[in-house]
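In what follows, a structure is listed as structure tokens, so that the remarks can point back to it.
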2 protein chains.
Amino acid sequence: MTQKPNPLSRIKVNGPIPAHMARSVIEETLRAAILDGRIPCGAALRQQDLADLFGVSRMPVREALRQLEAQSLLNVVAHKGAVVAPLVQGDAVETYALRILLESEALRLSVPLLREEDLEEAARYIDELETESDYTEIGRLNRLFHMTLYSQAPNRRLLKLVEDGLNEEERFLRFNLEAMGLGKLSQDDHKALLQAAAERDVERSVKLLEHHLNRGVEVITRYLNSPEVQARNRSK
Amino acid sequence: MTQKPNPLSRIKVNGPIPAHMARSVIEETLRAAILDGRIPCGAALRQQDLADLFGVSRMPVREALRQLEAQSLLNVVAHKGAVVAPLVQGDAVETYALRILLESEALRLSVPLLREEDLEEAARYIDELETESDYTEIGRLNRLFHMTLYSQAPNRRLLKLVEDGLNEEERFLRFNLEAMGLGKLSQDDHKALLQAAAERDVERSVKLLEHHLNRGVEVITRYLNSPEVQARNRSK
DNA sequence: TGGAATATTTTTGGATCCAAATGACACTAG
DNA sequence: CTAGTGTCATTTGGATCCAAAAATATTCCA
């Protein structure tokens with residue numbers, strides 16, 4: 001049996017919490033830790049442990065957990081604890097189908113309105129991705145690259161949903177990158193996508209994006225079907 | 001100055017709360033009251049008042065308010081209270097643009113898979129809408145009719161977003177119905193939509209749905225630009 | 001030795017209490 | 001008469017306490 005180190009050990013607290021913003025700090029810290037995978041799926045978070053970790057009482061922890069539950073990042077089961085929402089295969093396929101729908105529309109609306117500075121910003125993210133090797137940072141840069149391309153879509157509500165989807169992807173992405181070095185492939189996709197956007201070729205951009213996302217779901221499906229993951233799921 | 005009756009007076013509590021499900025009961029009650037407009041936009045909800053009303057302490061009220069905030073039904077401002085989220089015009093246009101995107105896709109996926117019983121259920125809702133005159137009930141039936149048509153779409157995540165959008169619409173709908181008797185028009189739309197779905201004519205269904213929703217946003221825009229509403233917004 | 005029933009322990013949810021922050025009101029000074 | 005300042009009340013956020021429910025461990029009996 002593999003040792004099961006307390007997942008909380010991977011959360012670091014930067015010192016005493018400013019007291020009256022405890023809830024938001026805890027929520028943000030936990031969200032980041034869940035999204036980038038420091039807290040694995042299925043881990044049960046207990047209120048008292050988190051309270052001790054952050055040096056506060058259980059109260060702000062409770063509220064933070066509820067907020068995260070509302071964002072469906074974790075499921076709170078009565079008297080059993082807050083369990084980090086699992087990444088099941090069906091969900092991955094559904095998530096990517098949704099992303100294609102939402103991000104295609106966002107891209108369609110945004111490309112004609114993109115400014116030069118947006119394109120330069122996106123290019124910078126591609127450059128940074130070239131040299132970055134930390135998974136968490138790669139996830140962040142990937143999200144920022146995509147959001148920059150969508151940023152001029154005149155529908156904030158749509159953008160909010162797109163961003164939620166990208167946050168969700170960061171969870172998958174971490175596993176992708178660890179499992180198989182997919183980074184280079186994605187970089188080619190990114191460059192082609194930026195090129196099409198710079199030429200204001202809406203339909204080609206959308207096609208490239210769909211292709212990019214379809215390959216993403218394929219890779220993830222293969223990963224979730226891999227013997228390693230299958231075994232882990234059986235053991236749970 | 002118009003008298004300002006406590007908005008809480010329109011919430012009725014059915015007796016003592018079963019103690020260990022206080023939070024969920026409060027959340028559901030408040031959500032329903034906000035969605036169907038019994039609590040008007042801009043109303044400030046105070047924790048102690050709600051606690052007294054439900055006969056519990058402030059604690060479950062707090063958690064319920066946070067949950068509702070996460071669903072962006074209200075904005076919690078520190079030391080100022082929980083304010084019911086406003087219905088501004090920009091939001092309406094954006095919301096309907098999103099609904100068209102999401103519901104078109106849901107309909108496209110669902111129509112080929114609809115069973116006879118689904119079609120019968122949808123027809124029943126249309127019949128009930130024919131005789132119903134209570135705004136709250138009309139909103140509920142309208143939502144159920146649409147959801148029935150989408151119900152077979154094989155993407156639960158998409159359906160969740162669609163349902164959120166429909167819940168949001170119920171808030172607008174109440175004002176629509178009060179302002180102008182739009183009921184009959186919608187009924188014709190509904191019947192045509194059901195007919196197209198029954199004939200498995202996907203593209204015609206989608207076209208009809210888009211038309212239906214586009215008329216919705218038009219009516220709402222007109223309503224929000226009406227002198228009455230303009231005056232109310234200025235006074236705030 | 002195995003299973004079932006019970007007791008203990010763990011953990012969450014609600015109540016009450018306290019502190020901090022913000023807004024309103026009144027009072028004073030110019 | 002107005003503007004600015006200071007105090008007070010209101011309200012939210014956090015801490016602590018208590019009760020209820022569930023999981024687990026232990027013990028007893030077959």
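A note on labels: chains of the structure tokens are A, B, ... as shown, every chain counts residues from 1, and ligands are counted from 1 in their shown order.
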Mind dumping a table of every chain A residue within 10 Å of chain D, with the nearest atom pair and its distance in Å to one decimal, using only C-alpha atoms (C1' of nucleotides), sorted by chain and rising number, as a Markdown table?
| residue | atom | partner | partner_atom | distance |
| --- | --- | --- | --- | --- |
| A:Ala19 | CA | D:DG14 | C1' | 8.0 |
| A:His20 | CA | D:DG13 | C1' | 6.8 |
| A:Met21 | CA | D:DG13 | C1' | 8.7 |
| A:Ala22 | CA | D:DG14 | C1' | 8.8 |
| A:Arg23 | CA | D:DG13 | C1' | 9.1 |
| A:Val56 | CA | D:DG14 | C1' | 8.4 |
| A:Ser57 | CA | D:DA15 | C1' | 6.3 |
| A:Arg58 | CA | D:DA15 | C1' | 8.6 |
| A:Met59 | CA | D:DG14 | C1' | 6.7 |
| A:Pro60 | CA | D:DG14 | C1' | 7.2 |
| A:Ala78 | CA | D:DA21 | C1' | 8.7 |
| A:His79 | CA | D:DA22 | C1' | 6.3 |
| A:Lys80 | CA | D:DA22 | C1' | 7.9 |
Got a sec to tell me which of stretch 28-234 of chain B DSSP assigns to strand (DSSP E), as a PyMOL selection string?
-> chain B and resi 44-45+74-77+81-84
Write the residues of the selection above to a file with all heavy atoms, as an mmCIF file, in the first residue's frame.
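File written: out_15.cif
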data_model
loop_
_atom_site.group_PDB
_atom_site.id
_atom_site.type_symbol
_atom_site.label_atom_id
_atom_site.label_comp_id
_atom_site.auth_asym_id
_atom_site.auth_seq_id
_atom_site.Cartn_x
_atom_site.Cartn_y
_atom_site.Cartn_z
ATOM 1 N N ALA B 44 -32.768 44.728 0.437
ATOM 2 C CA ALA B 44 -31.670 44.305 1.299
ATOM 3 C C ALA B 44 -32.203 43.334 2.341
ATOM 4 O O ALA B 44 -33.135 43.656 3.081
ATOM 5 C CB ALA B 44 -31.024 45.516 1.964
ATOM 6 N N LEU B 45 -31.630 42.160 2.399
ATOM 7 C CA LEU B 45 -32.064 41.143 3.353
ATOM 8 C C LEU B 45 -31.133 41.156 4.545
ATOM 9 O O LEU B 45 -29.922 41.056 4.385
ATOM 10 C CB LEU B 45 -32.045 39.766 2.687
ATOM 11 C CG LEU B 45 -32.841 39.657 1.394
ATOM 12 C CD1 LEU B 45 -32.691 38.275 0.793
ATOM 13 C CD2 LEU B 45 -34.298 39.977 1.656
ATOM 14 N N LEU B 74 -27.829 37.078 -5.468
ATOM 15 C CA LEU B 74 -27.714 38.301 -4.678
ATOM 16 C C LEU B 74 -26.261 38.627 -4.410
ATOM 17 O O LEU B 74 -25.394 37.757 -4.463
ATOM 18 C CB LEU B 74 -28.511 38.221 -3.374
ATOM 19 C CG LEU B 74 -28.585 36.935 -2.580
ATOM 20 C CD1 LEU B 74 -27.390 36.823 -1.663
ATOM 21 C CD2 LEU B 74 -29.846 36.950 -1.731
ATOM 22 N N ASN B 75 -26.009 39.891 -4.135
ATOM 23 C CA ASN B 75 -24.666 40.368 -3.848
ATOM 24 C C ASN B 75 -24.568 40.697 -2.365
ATOM 25 O O ASN B 75 -25.334 41.511 -1.868
ATOM 26 C CB ASN B 75 -24.365 41.629 -4.670
ATOM 27 C CG ASN B 75 -24.541 41.377 -6.150
ATOM 28 O OD1 ASN B 75 -24.110 40.348 -6.664
ATOM 29 N ND2 ASN B 75 -25.192 42.298 -6.836
ATOM 30 N N VAL B 76 -23.646 40.056 -1.683
ATOM 31 C CA VAL B 76 -23.454 40.325 -0.267
ATOM 32 C C VAL B 76 -22.388 41.398 -0.119
ATOM 33 O O VAL B 76 -21.245 41.200 -0.528
ATOM 34 C CB VAL B 76 -23.039 39.055 0.493
ATOM 35 C CG1 VAL B 76 -22.705 39.395 1.923
ATOM 36 C CG2 VAL B 76 -24.152 38.028 0.434
ATOM 37 N N VAL B 77 -22.767 42.527 0.416
ATOM 38 C CA VAL B 77 -21.820 43.604 0.664
ATOM 39 C C VAL B 77 -21.555 43.645 2.166
ATOM 40 O O VAL B 77 -22.490 43.581 2.961
ATOM 41 C CB VAL B 77 -22.384 44.957 0.192
ATOM 42 C CG1 VAL B 77 -21.330 46.026 0.257
ATOM 43 C CG2 VAL B 77 -22.931 44.820 -1.207
ATOM 44 N N GLY B 81 -25.389 44.235 3.981
ATOM 45 C CA GLY B 81 -26.470 43.287 3.798
ATOM 46 C C GLY B 81 -26.411 42.590 2.459
ATOM 47 O O GLY B 81 -25.599 42.903 1.609
ATOM 48 N N ALA B 82 -27.310 41.654 2.285
ATOM 49 C CA ALA B 82 -27.409 40.911 1.038
ATOM 50 C C ALA B 82 -28.449 41.591 0.163
ATOM 51 O O ALA B 82 -29.601 41.707 0.538
ATOM 52 C CB ALA B 82 -27.808 39.467 1.322
ATOM 53 N N VAL B 83 -28.021 42.059 -0.994
ATOM 54 C CA VAL B 83 -28.910 42.782 -1.883
ATOM 55 C C VAL B 83 -29.266 41.890 -3.058
ATOM 56 O O VAL B 83 -28.390 41.272 -3.663
ATOM 57 C CB VAL B 83 -28.226 44.069 -2.395
ATOM 58 C CG1 VAL B 83 -29.229 44.936 -3.121
ATOM 59 C CG2 VAL B 83 -27.592 44.816 -1.250
ATOM 60 N N VAL B 84 -30.538 41.820 -3.360
ATOM 61 C CA VAL B 84 -30.973 41.002 -4.484
ATOM 62 C C VAL B 84 -30.392 41.575 -5.768
ATOM 63 O O VAL B 84 -30.494 42.770 -6.026
ATOM 64 C CB VAL B 84 -32.504 40.955 -4.560
ATOM 65 C CG1 VAL B 84 -32.947 40.160 -5.768
ATOM 66 C CG2 VAL B 84 -33.073 40.361 -3.294
#
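Taking only C-alpha atoms (C1' of nucleotides) into account, chain B lies nearest to C:DT16 out of the set C:DA24, C:DG2, C:DT10, C:DT16.
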Length of the atom CA of B:Gln48 to atom CA of B:Arg62 vector [Å] |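 Computed distance, atom CA of B:Gln48 to atom CA of B:Arg62, equals 9.6 Å.
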Write out as a PyMOL selection string each polymer residue whose atoms come within 8 Å of B:Leu68, counting only C-alpha atoms (C1' of nucleotides); drop sequence neighbours fewer than 5 positions from it.
-> chain B and resi 27+31+73-74
Starting from chain A, keep only residues with some atom at most 10 Å from an atom of chain B, counting only C-alpha atoms, and report them as a list in words.
-> Met59, Arg62, Glu63, Ala64, Arg66, Gln67, Leu68, Glu69, Ala70, Gln71, Gly90, Asp91, Val93, Glu94, Thr95, Ala97, Leu98, Arg99, Leu101, Leu102, Glu105, Pro154, Asn155, Arg156, Arg157, Leu158 and Leu161 of chain A
May I have the selected residues written with C-alpha atoms, as a compact mmCIF listing (two decimals), in the first residue's frame?
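So out-v3.txt came out as:
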# COMPACT_ATOMS: atom_id res chain seq x y z
CA MET A 59 -16.44 28.96 10.92
CA ARG A 62 -17.28 26.10 6.66
CA GLU A 63 -18.32 29.06 4.58
CA ALA A 64 -15.42 28.63 2.18
CA ARG A 66 -19.91 25.87 0.94
CA GLN A 67 -18.78 28.39 -1.65
CA LEU A 68 -16.60 25.82 -3.32
CA GLU A 69 -19.45 23.34 -3.25
CA ALA A 70 -21.63 25.85 -5.05
CA GLN A 71 -18.93 26.02 -7.72
CA GLY A 90 -18.27 11.05 -18.89
CA ASP A 91 -17.68 14.42 -17.37
CA VAL A 93 -16.43 14.34 -22.73
CA GLU A 94 -19.35 16.50 -21.68
CA THR A 95 -17.09 19.26 -20.47
CA ALA A 97 -18.41 19.33 -25.81
CA LEU A 98 -19.58 22.32 -23.81
CA ARG A 99 -16.26 24.06 -24.18
CA LEU A 101 -19.81 25.21 -28.01
CA LEU A 102 -18.99 28.12 -25.70
CA GLU A 105 -18.96 31.31 -29.99
CA PRO A 154 -19.10 41.47 -26.01
CA ASN A 155 -20.87 39.12 -23.61
CA ARG A 156 -19.48 39.02 -20.12
CA ARG A 157 -21.82 36.26 -19.11
CA LEU A 158 -20.51 34.06 -21.88
CA LEU A 161 -18.82 30.47 -18.40
Stretch 125-141 of chain A surroundings by only C-alpha atoms (C1' of nucleotides), 7 Å radius, close-in-sequence under 4 positions cut, as a list in words = Asp36, Glu121, Phe145, Glu170, Leu173 and Arg174 of chain A
Take the residues just selected and output them with N, CA, C and O atoms as a compact mmCIF listing (two decimals), in the first residue's frame.
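After the write, result-v3.txt holds the following:
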# COMPACT_ATOMS: atom_id res chain seq x y z
N ASP A 36 -5.25 23.11 -9.40
CA ASP A 36 -3.98 22.67 -9.96
C ASP A 36 -3.60 21.28 -9.47
O ASP A 36 -2.50 20.82 -9.74
N GLU A 121 -0.20 40.25 -26.58
CA GLU A 121 -0.27 39.59 -25.28
C GLU A 121 -0.34 38.08 -25.46
O GLU A 121 0.38 37.32 -24.79
N PHE A 145 -3.76 32.47 -22.28
CA PHE A 145 -3.69 32.56 -23.75
C PHE A 145 -5.09 32.48 -24.36
O PHE A 145 -5.49 33.34 -25.15
N GLU A 170 -7.86 23.11 -16.26
CA GLU A 170 -6.55 23.08 -15.63
C GLU A 170 -6.37 21.82 -14.80
O GLU A 170 -5.27 21.32 -14.64
N LEU A 173 -5.55 19.18 -17.28
CA LEU A 173 -4.29 19.47 -17.93
C LEU A 173 -3.11 18.96 -17.13
O LEU A 173 -2.17 18.39 -17.68
N ARG A 174 -3.19 19.15 -15.84
CA ARG A 174 -2.09 18.71 -15.00
C ARG A 174 -1.79 17.23 -15.24
O ARG A 174 -0.65 16.83 -15.40
C:DT28, C:DT22, C:DT1, C:DT11 ranked by distance to chain A, top pick (using only C-alpha atoms (C1' of nucleotides)) =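 Of C:DT28, C:DT22, C:DT1, C:DT11, the one nearest chain A, counting only C-alpha atoms (C1' of nucleotides), is C:DT11.
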Which residues of chain C sit at most 12 Å from chain A, using only C-alpha atoms (C1' of nucleotides)? Give each one's shortest atom pair and distance in Å (one decimal place), in chain and ascending residue order, as a tab-separated table.
residue	atom	partner	partner_atom	distance
C:DT10	C1'	A:His79	CA	9.0
C:DT11	C1'	A:His79	CA	5.6
C:DT12	C1'	A:His79	CA	4.9
C:DG13	C1'	A:Ala78	CA	8.9
C:DG14	C1'	A:Met59	CA	11.8
C:DA19	C1'	A:His20	CA	10.5
C:DA20	C1'	A:His20	CA	8.2
C:DA21	C1'	A:His20	CA	9.6
